[in-house]
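*Asks:* Have a peek at start-v7.tsv (TSV, C-alpha atoms).
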```tsv
chain	number	residue	atom	x	y	z
G	1	MET	CA	37.00	-23.04	-20.12
G	2	ARG	CA	40.33	-24.27	-21.45
G	3	TYR	CA	42.17	-21.45	-19.59
G	4	VAL	CA	41.49	-23.23	-16.35
G	5	LYS	CA	44.19	-25.65	-17.42
G	6	PHE	CA	46.74	-22.88	-18.03
G	7	ARG	CA	49.75	-23.15	-15.75
G	8	GLY	CA	51.21	-19.78	-16.71
G	9	ILE	CA	50.12	-16.55	-18.33
G	10	ASP	CA	52.76	-16.96	-21.10
G	11	TYR	CA	50.35	-19.10	-23.07
G	12	LEU	CA	48.12	-16.06	-23.51
G	13	THR	CA	50.74	-13.90	-25.18
G	14	ASP	CA	50.61	-16.08	-28.28
G	15	ASN	CA	47.33	-14.79	-29.57
G	16	GLU	CA	45.28	-11.61	-28.92
G	17	SER	CA	41.98	-13.47	-29.29
G	18	ASN	CA	42.98	-15.61	-26.30
G	19	TRP	CA	43.05	-12.48	-24.12
G	20	ILE	CA	39.58	-11.45	-25.28
G	21	GLU	CA	38.25	-14.90	-24.59
G	22	LEU	CA	39.82	-14.87	-21.13
G	23	CYS	CA	38.17	-11.51	-20.37
G	24	ASN	CA	34.82	-12.90	-21.47
G	25	ILE	CA	35.26	-15.93	-19.26
G	26	ILE	CA	36.18	-13.76	-16.28
G	27	ASN	CA	33.13	-11.55	-16.84
G	28	GLU	CA	30.90	-14.54	-17.23
G	29	ARG	CA	32.17	-16.05	-14.01
G	30	LYS	CA	31.80	-12.70	-12.23
G	31	ASN	CA	28.15	-12.47	-13.38
G	32	ASN	CA	27.52	-16.07	-12.38
G	33	PHE	CA	29.00	-15.36	-8.97
G	34	MET	CA	26.75	-12.29	-8.50
G	35	ASP	CA	23.72	-14.25	-9.68
G	36	THR	CA	24.51	-16.97	-7.19
G	37	GLN	CA	24.87	-14.39	-4.43
G	38	LEU	CA	21.50	-12.82	-5.29
G	39	ASN	CA	19.89	-16.21	-5.62
G	40	MET	CA	21.32	-17.26	-2.29
G	41	GLU	CA	20.01	-14.13	-0.56
G	42	GLU	CA	16.57	-14.48	-2.13
G	43	ARG	CA	16.32	-18.12	-1.12
G	44	LEU	CA	17.53	-17.39	2.38
G	45	TRP	CA	15.06	-14.51	2.84
G	46	ASP	CA	12.24	-16.80	1.74
G	47	TYR	CA	13.53	-19.40	4.20
G	48	ILE	CA	13.66	-16.87	7.05
G	49	ASP	CA	10.26	-15.38	6.18
G	50	GLY	CA	8.76	-18.87	6.13
G	51	LEU	CA	7.80	-18.63	2.47
G	52	SER	CA	9.80	-21.63	1.24
G	53	SER	CA	8.25	-24.97	0.47
G	54	MET	CA	9.08	-27.98	2.65
G	55	LYS	CA	11.40	-29.38	-0.01
G	56	GLU	CA	13.22	-26.06	-0.33
G	57	ARG	CA	13.49	-25.72	3.44
G	58	SER	CA	15.19	-29.06	3.85
G	59	ALA	CA	17.55	-28.24	0.94
G	60	ILE	CA	18.50	-24.94	2.58
G	61	ASP	CA	18.87	-26.63	5.97
G	62	LYS	CA	21.45	-28.92	4.40
G	63	LEU	CA	23.24	-26.03	2.68
G	64	ILE	CA	23.46	-24.08	5.94
G	65	GLU	CA	24.89	-27.11	7.71
G	66	THR	CA	27.43	-28.02	5.09
G	67	ASN	CA	28.37	-24.80	3.30
G	68	LEU	CA	30.22	-22.11	5.26
G	69	GLU	CA	29.25	-19.35	2.82
G	70	TRP	CA	25.55	-20.17	3.20
G	71	LYS	CA	25.94	-20.47	6.96
G	72	ASN	CA	27.54	-17.01	7.26
G	73	LYS	CA	24.99	-15.40	4.97
G	74	TYR	CA	22.16	-17.01	6.90
G	75	LYS	CA	23.55	-15.67	10.18
G	76	GLU	CA	23.86	-12.19	8.70
G	77	LEU	CA	20.34	-12.14	7.28
G	78	LEU	CA	18.83	-13.67	10.38
G	79	GLU	CA	20.40	-10.98	12.52
G	80	ALA	CA	19.01	-8.28	10.24
G	81	HIS	CA	15.59	-9.96	10.36
G	82	GLN	CA	15.61	-10.10	14.15
G	83	LEU	CA	16.74	-6.48	14.38
G	84	MET	CA	13.85	-5.38	12.18
G	85	ILE	CA	11.35	-7.40	14.16
G	86	SER	CA	12.52	-6.32	17.59
G	87	GLY	CA	13.26	-2.70	16.72
G	88	ASP	CA	11.27	0.00	18.47
G	89	LEU	CA	8.52	1.96	16.83
G	90	ASP	CA	8.42	5.74	17.00
G	91	GLU	CA	6.26	7.07	19.79
G	92	PRO	CA	3.91	10.02	19.60
G	93	SER	CA	3.55	12.50	22.48
G	94	MET	CA	2.38	11.37	25.92
G	95	ARG	CA	-0.95	13.15	25.45
G	96	PHE	CA	-1.75	11.33	22.23
G	97	THR	CA	-4.41	8.91	23.52
G	98	LYS	CA	-5.97	11.56	25.74
G	99	THR	CA	-6.28	13.99	22.84
G	100	VAL	CA	-7.89	11.34	20.63
G	101	MET	CA	-10.34	10.37	23.37
G	102	GLU	CA	-11.25	14.01	23.99
G	103	GLU	CA	-11.90	14.47	20.28
G	104	ILE	CA	-14.00	11.34	19.82
G	105	ALA	CA	-16.13	12.32	22.83
G	106	LYS	CA	-17.72	14.88	20.48
G	107	TYR	CA	-18.75	12.19	17.99
G	108	HIS	CA	-20.76	9.03	17.71
G	109	VAL	CA	-19.91	6.04	15.58
G	110	ALA	CA	-21.53	6.70	12.20
G	111	PRO	CA	-23.97	4.05	10.98
G	112	ALA	CA	-22.44	1.47	8.67
G	113	THR	CA	-22.45	2.55	5.03
G	114	ARG	CA	-24.39	-0.54	4.00
G	115	THR	CA	-27.32	0.42	6.25
G	116	TYR	CA	-28.07	3.71	4.55
G	117	ILE	CA	-27.26	2.76	0.99
G	118	ASN	CA	-30.38	0.98	-0.18
G	119	LYS	CA	-29.40	-1.37	-2.98
G	120	LYS	CA	-33.02	-1.60	-4.19
G	121	ILE	CA	-33.07	2.13	-4.96
G	122	ILE	CA	-29.77	1.90	-6.86
G	123	TRP	CA	-31.01	-1.09	-8.84
G	124	GLY	CA	-34.31	0.71	-9.48
G	125	ILE	CA	-32.62	3.81	-10.89
G	126	GLY	CA	-30.25	1.68	-12.96
G	127	SER	CA	-33.09	-0.43	-14.36
G	128	PHE	CA	-35.11	2.66	-15.24
G	129	PHE	CA	-32.31	4.13	-17.33
G	130	ILE	CA	-31.57	0.82	-19.02
G	131	ILE	CA	-35.26	0.42	-19.94
G	132	VAL	CA	-35.36	3.98	-21.33
G	133	ILE	CA	-32.22	3.41	-23.44
G	134	VAL	CA	-33.42	0.03	-24.71
G	135	GLY	CA	-36.83	1.60	-25.51
G	136	PHE	CA	-35.12	4.33	-27.52
G	137	LEU	CA	-33.12	1.77	-29.46
G	138	ILE	CA	-36.06	-0.48	-30.20
G	139	TYR	CA	-38.15	2.45	-31.34
G	140	ALA	CA	-35.37	3.86	-33.51
G	141	LEU	CA	-34.57	0.49	-35.10
G	142	SER	CA	-38.21	-0.20	-35.78
G	143	GLN	CA	-38.35	2.99	-37.85
G	144	ILE	CA	-35.61	1.87	-40.23
G	145	ASN	CA	-36.74	0.89	-43.67
G	146	TYR	CA	-34.61	-2.15	-44.46
G	147	ALA	CA	-35.93	-2.31	-48.03
G	148	ASP	CA	-33.58	0.55	-48.84
G	149	ALA	CA	-30.60	-1.28	-47.41
G	150	THR	CA	-29.20	-1.98	-50.88
G	151	THR	CA	-28.24	1.68	-51.37
G	152	PRO	CA	-24.54	1.64	-52.24
G	153	LYS	CA	-23.32	4.61	-50.19
G	154	ILE	CA	-23.38	4.02	-46.45
G	155	LEU	CA	-23.58	7.68	-45.60
G	156	ASN	CA	-26.54	8.24	-47.85
G	157	GLU	CA	-28.23	5.23	-46.40
G	158	TYR	CA	-27.70	6.53	-42.91
G	159	ASN	CA	-29.05	9.96	-43.79
G	160	ASN	CA	-32.03	8.47	-45.56
G	161	THR	CA	-32.80	6.23	-42.62
G	162	MET	CA	-32.50	9.03	-40.09
G	163	ASN	CA	-34.81	11.16	-42.19
G	164	LYS	CA	-37.39	8.38	-42.11
G	165	VAL	CA	-37.52	8.27	-38.31
G	166	ASP	CA	-40.65	10.01	-37.19
G	167	TRP	CA	-39.17	12.19	-34.45
G	168	SER	CA	-42.40	14.09	-33.91
G	169	LYS	CA	-44.03	10.89	-32.60
G	170	PHE	CA	-41.21	10.28	-30.18
G	171	PHE	CA	-40.85	13.83	-28.91
G	172	SER	CA	-44.56	14.47	-28.66
G	173	SER	CA	-45.61	16.48	-25.64
G	174	THR	CA	-47.09	13.39	-23.89
G	175	TYR	CA	-43.89	11.30	-23.99
G	176	THR	CA	-41.69	14.25	-23.10
G	177	ASN	CA	-43.91	15.20	-20.18
G	178	ILE	CA	-43.94	11.64	-18.80
G	179	PHE	CA	-40.15	11.35	-19.17
G	180	MET	CA	-39.50	14.71	-17.52
G	181	GLY	CA	-42.04	13.98	-14.78
G	182	ILE	CA	-40.30	10.71	-13.82
G	183	ASN	CA	-36.92	12.46	-13.78
G	184	VAL	CA	-38.23	15.25	-11.55
G	185	ILE	CA	-39.67	12.68	-9.11
G	186	LEU	CA	-36.37	10.78	-9.05
G	187	GLY	CA	-34.47	14.02	-8.54
G	188	LEU	CA	-36.69	14.99	-5.62
G	189	MET	CA	-36.22	11.54	-4.06
G	190	MET	CA	-32.45	11.84	-4.31
G	191	LEU	CA	-32.54	15.33	-2.79
G	192	ASP	CA	-34.69	14.06	0.06
G	193	ILE	CA	-32.27	11.20	0.81
G	194	TYR	CA	-29.31	13.61	0.69
G	195	LEU	CA	-30.95	16.16	3.02
G	196	THR	CA	-32.10	13.47	5.49
G	197	ARG	CA	-28.53	12.15	5.68
G	198	LYS	CA	-27.15	15.66	6.19
G	199	ARG	CA	-29.68	16.30	8.98
G	200	GLN	CA	-28.68	13.04	10.70
G	201	GLN	CA	-24.98	13.89	10.47
G	202	HIS	CA	-25.68	17.37	11.85
G	203	LYS	CA	-27.61	15.88	14.78
G	204	GLU	CA	-24.80	13.42	15.54
G	205	ALA	CA	-22.19	16.16	15.52
Y	1	MET	CA	-9.67	-0.65	31.79
Y	2	HIS	CA	-10.35	-3.69	29.64
Y	3	THR	CA	-7.28	-5.79	29.35
Y	4	GLY	CA	-6.41	-8.77	27.20
Y	5	LEU	CA	-9.36	-8.30	24.86
Y	6	THR	CA	-9.02	-8.94	21.17
Y	7	ASP	CA	-9.54	-6.12	18.69
Y	8	THR	CA	-12.91	-7.55	17.65
Y	9	GLU	CA	-14.09	-7.73	21.26
Y	10	ILE	CA	-13.05	-4.14	21.92
Y	11	ILE	CA	-14.73	-2.98	18.72
Y	12	SER	CA	-17.98	-4.70	19.59
Y	13	ARG	CA	-17.88	-2.98	23.01
Y	14	VAL	CA	-17.32	0.38	21.36
Y	15	LEU	CA	-20.17	-0.25	18.95
Y	16	LYS	CA	-22.42	-1.04	21.89
Y	17	GLY	CA	-21.67	2.40	23.30
Y	18	ASP	CA	-18.60	1.86	25.51
Y	19	GLN	CA	-16.65	4.75	24.08
Y	20	GLN	CA	-13.83	4.48	26.64
Y	21	ALA	CA	-12.94	1.01	25.35
Y	22	TYR	CA	-11.62	2.71	22.25
Y	23	ALA	CA	-8.68	4.02	24.31
Y	24	GLN	CA	-7.34	0.47	24.27
Y	25	ILE	CA	-7.35	0.40	20.49
Y	26	VAL	CA	-5.55	3.75	20.42
Y	27	GLU	CA	-2.96	2.55	22.93
Y	28	ARG	CA	-2.44	-0.67	21.01
Y	29	TYR	CA	-1.90	0.91	17.60
Y	30	LYS	CA	-0.72	4.46	18.23
Y	31	ASN	CA	3.00	3.69	17.82
Y	32	TYR	CA	2.41	1.61	14.72
Y	33	ILE	CA	0.23	4.21	13.04
Y	34	PHE	CA	2.47	7.07	14.15
Y	35	THR	CA	5.54	5.28	12.73
Y	36	LEU	CA	3.84	4.59	9.41
Y	37	THR	CA	2.65	8.18	9.16
Y	38	LEU	CA	6.01	9.59	10.17
Y	39	ARG	CA	7.68	7.53	7.46
Y	40	MET	CA	5.35	9.02	4.90
Y	41	VAL	CA	5.29	12.67	5.93
Y	42	ASP	CA	8.66	12.91	7.72
Y	43	ASN	CA	7.61	15.55	10.22
Y	44	ARG	CA	6.72	14.66	13.81
Y	45	GLU	CA	4.12	17.40	14.31
Y	46	ASP	CA	2.33	16.61	11.06
Y	47	ALA	CA	2.58	12.87	11.74
Y	48	GLU	CA	1.04	13.29	15.18
Y	49	GLU	CA	-1.83	15.40	13.88
Y	50	ILE	CA	-2.53	13.01	11.01
Y	51	SER	CA	-2.35	9.99	13.34
Y	52	GLN	CA	-4.92	11.57	15.65
Y	53	ASP	CA	-7.17	12.24	12.67
Y	54	ILE	CA	-6.75	8.62	11.59
Y	55	PHE	CA	-7.97	7.34	14.95
Y	56	ILE	CA	-10.90	9.76	14.90
Y	57	LYS	CA	-11.86	8.71	11.36
Y	58	ALA	CA	-11.49	5.06	12.35
Y	59	TYR	CA	-13.78	5.62	15.32
Y	60	ARG	CA	-16.42	7.35	13.20
Y	61	SER	CA	-16.37	4.54	10.61
Y	62	LEU	CA	-15.94	1.69	13.07
Y	63	ALA	CA	-19.31	0.24	12.06
Y	64	ASP	CA	-17.90	-0.28	8.58
Y	65	PHE	CA	-15.18	-2.62	9.88
Y	66	ARG	CA	-16.60	-6.02	9.01
Y	67	GLY	CA	-13.76	-8.11	10.38
Y	68	GLU	CA	-12.93	-9.50	6.95
Y	69	SER	CA	-9.32	-8.38	7.38
Y	70	LYS	CA	-7.12	-7.65	10.38
Y	71	PHE	CA	-8.01	-4.43	12.18
Y	72	SER	CA	-4.45	-3.21	11.58
Y	73	THR	CA	-4.92	-3.72	7.82
Y	74	TRP	CA	-8.16	-1.75	7.87
Y	75	LEU	CA	-6.50	0.96	9.95
Y	76	TYR	CA	-3.65	1.10	7.46
Y	77	THR	CA	-6.03	1.78	4.57
Y	78	ILE	CA	-7.24	4.87	6.48
Y	79	THR	CA	-3.63	5.81	7.22
Y	80	ARG	CA	-2.59	5.57	3.59
Y	81	THR	CA	-5.56	7.62	2.37
Y	82	SER	CA	-5.02	10.26	5.06
Y	83	CYS	CA	-1.30	10.58	4.30
Y	84	ILE	CA	-1.91	10.81	0.55
Y	85	THR	CA	-4.58	13.48	1.12
Y	86	PHE	CA	-2.19	15.40	3.37
Y	87	LEU	CA	0.65	15.18	0.86
Y	88	ARG	CA	-1.65	16.25	-1.97
Y	89	LYS	CA	-2.70	19.25	0.06
Y	90	LYS	CA	0.94	20.12	0.45
Y	91	LYS	CA	1.23	19.75	-3.32
Y	92	LEU	CA	3.77	17.01	-3.03
Y	93	ASP	CA	3.11	14.03	-5.20
Y	94	THR	CA	4.45	10.66	-4.13
Y	95	THR	CA	6.95	10.39	-6.95
Y	96	SER	CA	8.63	13.65	-6.09
Y	97	ILE	CA	8.79	12.46	-2.51
Y	98	ASP	CA	10.46	9.26	-3.61
Y	99	ASN	CA	13.20	11.16	-5.32
Y	100	GLU	CA	13.73	14.67	-4.04
Y	101	LYS	CA	12.66	14.39	-0.45
Y	102	THR	CA	14.60	11.25	0.22
Y	103	TYR	CA	17.66	12.89	-1.22
Y	104	ILE	CA	17.24	15.98	0.97
Y	105	GLN	CA	16.47	13.74	3.92
Y	106	VAL	CA	19.60	11.70	3.38
Y	107	GLU	CA	21.72	14.80	2.86
Y	108	SER	CA	20.52	16.42	6.06
Y	109	ARG	CA	20.83	13.23	8.06
Y	110	GLU	CA	24.31	12.55	6.74
Y	111	SER	CA	25.62	15.75	8.28
Y	112	GLY	CA	23.73	14.95	11.48
Y	113	PHE	CA	25.39	11.59	11.74
Y	114	LYS	CA	28.83	13.02	11.22
Y	115	ALA	CA	28.21	15.35	14.16
Y	116	ASN	CA	26.99	12.50	16.32
Y	117	THR	CA	29.68	9.95	15.69
Y	118	ILE	CA	30.80	10.11	19.33
Y	119	GLU	CA	27.34	9.14	20.45
Y	120	GLN	CA	26.97	5.39	20.57
Y	121	LYS	CA	23.78	4.33	18.87
Y	122	SER	CA	22.07	1.07	19.56
Y	123	LYS	CA	21.57	-1.26	16.62
Y	124	HIS	CA	17.82	-0.76	16.83
Y	125	ALA	CA	18.15	2.99	16.61
Y	126	MET	CA	20.43	2.59	13.62
Y	127	VAL	CA	17.96	0.33	11.84
Y	128	ASN	CA	15.19	2.84	12.53
Y	129	GLU	CA	17.31	5.69	11.21
Y	130	ALA	CA	18.22	3.69	8.12
Y	131	ILE	CA	14.54	2.86	7.50
Y	132	ARG	CA	13.71	6.57	7.67
Y	133	MET	CA	16.28	7.22	4.98
Y	134	LEU	CA	14.48	4.90	2.59
Y	135	SER	CA	11.81	6.11	0.19
Y	136	PRO	CA	8.30	6.16	1.75
Y	137	ASP	CA	7.34	3.15	-0.37
Y	138	ASP	CA	10.26	1.02	0.84
Y	139	ALA	CA	9.79	2.14	4.44
Y	140	GLN	CA	6.07	1.31	4.28
Y	141	VAL	CA	6.63	-2.21	3.00
Y	142	ILE	CA	9.24	-2.95	5.65
Y	143	THR	CA	7.14	-1.44	8.44
Y	144	LEU	CA	3.99	-3.27	7.35
Y	145	PHE	CA	5.82	-6.58	7.11
Y	146	TYR	CA	7.84	-6.39	10.30
Y	147	LYS	CA	5.84	-4.13	12.58
Y	148	GLY	CA	2.34	-4.63	11.29
Y	149	GLU	CA	2.89	-8.37	11.02
Y	150	GLN	CA	1.01	-8.29	7.74
Y	151	THR	CA	1.38	-11.14	5.31
Y	152	LEU	CA	2.45	-10.47	1.73
Y	153	GLU	CA	-1.17	-11.02	0.61
Y	154	GLU	CA	-2.49	-8.54	3.16
Y	155	ILE	CA	0.05	-5.91	2.15
Y	156	GLY	CA	-0.83	-6.60	-1.47
Y	157	ASN	CA	-4.53	-6.10	-0.78
Y	158	VAL	CA	-3.92	-2.73	0.81
Y	159	LEU	CA	-1.48	-1.53	-1.82
Y	160	GLY	CA	-3.42	-3.00	-4.74
Y	161	LEU	CA	-0.56	-5.29	-5.74
Y	162	ASP	CA	-0.22	-9.03	-6.04
Y	163	SER	CA	1.78	-10.87	-3.40
Y	164	ASN	CA	4.68	-11.61	-5.75
Y	165	THR	CA	5.15	-7.93	-6.49
Y	166	VAL	CA	5.09	-7.21	-2.75
Y	167	LYS	CA	7.71	-9.92	-2.25
Y	168	VAL	CA	9.98	-8.30	-4.83
Y	169	LYS	CA	9.37	-4.87	-3.31
Y	170	LEU	CA	10.22	-6.22	0.14
Y	171	TYR	CA	13.39	-7.86	-1.14
Y	172	ARG	CA	14.51	-4.65	-2.84
Y	173	ALA	CA	13.63	-2.57	0.20
Y	174	ARG	CA	15.78	-4.85	2.36
Y	175	GLN	CA	18.63	-4.54	-0.11
Y	176	ARG	CA	18.41	-0.75	-0.02
Y	177	LEU	CA	18.20	-0.82	3.77
Y	178	LYS	CA	21.36	-2.89	3.86
Y	179	GLU	CA	23.07	-0.37	1.55
Y	180	LYS	CA	22.05	2.51	3.83
Y	181	MET	CA	23.30	0.65	6.88
Y	182	GLU	CA	26.62	-0.04	5.20
Y	183	LYS	CA	26.95	3.52	3.95
Y	184	TYR	CA	26.02	5.45	7.08
Y	185	PHE	CA	26.48	3.10	10.00
Y	186	SER	CA	29.37	0.80	9.13
Y	187	HIS	CA	31.58	2.68	11.62
Y	188	GLU	CA	29.07	2.34	14.48
Y	189	VAL	CA	28.38	-1.31	13.66
Y	190	ARG	CA	32.10	-2.08	13.79
Y	191	GLU	CA	32.36	-0.28	17.16
Y	192	ILE	CA	29.44	-2.24	18.58
Y	193	GLN	CA	30.88	-5.50	17.29
Y	194	GLY	CA	34.26	-4.58	18.73
Y	195	ASN	CA	32.83	-4.02	22.25
```
Can the structure from this file be put into structure tokens for me?

*Replies:*
Amino acid sequence: MRYVKFRGIDYLTDNESNWIELCNIINERKNNFMDTQLNMEERLWDYIDGLSSMKERSAIDKLIETNLEWKNKYKELLEAHQLMISGDLDEPSMRFTKTVMEEIAKYHVAPATRTYINKKIIWGIGSFFIIVIVGFLIYALSQINYADATTPKILNEYNNTMNKVDWSKFFSSTYTNIFMGINVILGLMMLDIYLTRKRQQHKEA
Amino acid sequence: MHTGLTDTEIISRVLKGDQQAYAQIVERYKNYIFTLTLRMVDNREDAEEISQDIFIKAYRSLADFRGESKFSTWLYTITRTSCITFLRKKKLDTTSIDNEKTYIQVESRESGFKANTIEQKSKHAMVNEAIRMLSPDDAQVITLFYKGEQTLEEIGNVLGLDSNTVKVKLYRARQRLKEKMEKYFSHEVREIQGN
């Protein structure tokens, strides 16, 4: 900052490092100036958009009144804002509304999604699968012989444990038939819902 | 014709079976939706067709509008989905649009402007032209904020962004708009100011 006091450039010729320092100061001031400009614009846009706090608004009000730079920038941004607000929108062809109305005459308003999606059914299906998974886990864990848990090699332990699970009990024809039967019933229910919805849509069209 | 009714009132009439009331909704929002669509697809014919589809889709799903947001916000979600679907069909992803198409757009418009320098453009027309030169993302944010009268939160909800990000996007979009204005219309602006 000491170069501010310099009356003439001759002082700088004494030492090369002085020149470097001067360049740094100039760059710093240039960056500060640009930051201030950006900050000013951002604050003014917030002010114009009504996003500033009350305290900020009164501070900017004062700045606009007292500072010519702020006043000019405000005018410029306000004009841009008003132009964007009052600008015309593009217009489609004259027949636009008529075409839309002719098209929608072929349709009816579809029932609201929430009326045909029965949450109870979704919860029911979800619960069923959770129960099946939990059942599997409980059954599998109950088959583990924890007395052998001291076996040093984890892989061997795992293999031993898996070998001890009585899979024939689990995949007996009775269990498999019940499981498959429930799935078939659920599948048929889903197909029925899907086809009913399709038939309704077809009727509406 | 039903005049002076709010969107909600018109919608409830339509839902009760007064199909013709929907014409008021179309009249009210056709320019807004057409502008948004045009700024995404940049072709009047395509934009018109997509806009018509948007109003038809909106009519069909009108029962799903629960009034939790502005009707214009809800309509914009349909617009955005429809435009993205259209662009995907044309095998143009949004990022390539941001870069390549805008560049081509600007290039072609630049030559157009040079040919039309004698023609005096109004400031509004210039702003509209400059908005069209922006990337679809920038143009959307500006249009939603200024024409759709959407708040930053509402825009954020539709775009899946938080309001601060929308604010930054809006600020940057305005900066880029200013750059376009200065680059392509500085001559016209000076002429207008001189008159």

*Asks:* Would you mind listing, as a ChimeraX atom specification, all residues of chain Y that have at least one atom within 8 Å of chain G, where only C-alpha atoms are what counts?

*Replies:* /Y:15,19-20,22-23,26-27,30-32,34-35,44,48,52,55-56,59-64,123-125,127-128,146-147,171

*Asks:* Applying 10 Å and all atoms listed in the file, which residues near Met162 (chain G) remain after dropping the ones on its own chain fewer than 3 positions away? List them as a PDB file with C-alpha atoms, in the coordinates of the input.

*Replies:*
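Saved as part_23.pdb:
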```pdb
ATOM      1  CA  ALA G 140     -35.370   3.860 -33.510  1.00  0.00           C
ATOM      2  CA  GLN G 143     -38.350   2.990 -37.850  1.00  0.00           C
ATOM      3  CA  ILE G 144     -35.610   1.870 -40.230  1.00  0.00           C
ATOM      4  CA  ASN G 145     -36.740   0.890 -43.670  1.00  0.00           C
ATOM      5  CA  ASN G 156     -26.540   8.240 -47.850  1.00  0.00           C
ATOM      6  CA  GLU G 157     -28.230   5.230 -46.400  1.00  0.00           C
ATOM      7  CA  TYR G 158     -27.700   6.530 -42.910  1.00  0.00           C
ATOM      8  CA  ASN G 159     -29.050   9.960 -43.790  1.00  0.00           C
ATOM      9  CA  VAL G 165     -37.520   8.270 -38.310  1.00  0.00           C
ATOM     10  CA  ASP G 166     -40.650  10.010 -37.190  1.00  0.00           C
ATOM     11  CA  TRP G 167     -39.170  12.190 -34.450  1.00  0.00           C
TER      12      TRP G 167
END
```

*Asks:* Expressed in Å to a single decimal, how great is the separation between CA of Thr6 (chain Y) and CA of Arg28 (chain Y)?

*Replies:*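 That distance, rounded to one decimal, is 10.6 Å.
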
*Asks:* So the first atom is CA of Gly50 (chain G) and the second is CA of Leu63 (chain G); what is the distance between them in Å, to one decimal place?

*Replies:* 16.5 Å

*Asks:* With all atoms listed in the file as the basis for distance, which of Y:Tyr76, Y:Phe86, Y:Phe65, Y:Phe71 is at the shortest distance from Thr143 (chain Y)?

*Replies:*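 Going through Y:Tyr76, Y:Phe86, Y:Phe65, Y:Phe71 one by one, the smallest distance to Thr143 (chain Y) is for Y:Tyr76.
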
*Asks:* Would you mind reading off the distance between CA of Ala173 (chain Y) and CA of Gln140 (chain Y), one decimal, in Å?

*Replies:* 9.4 Å
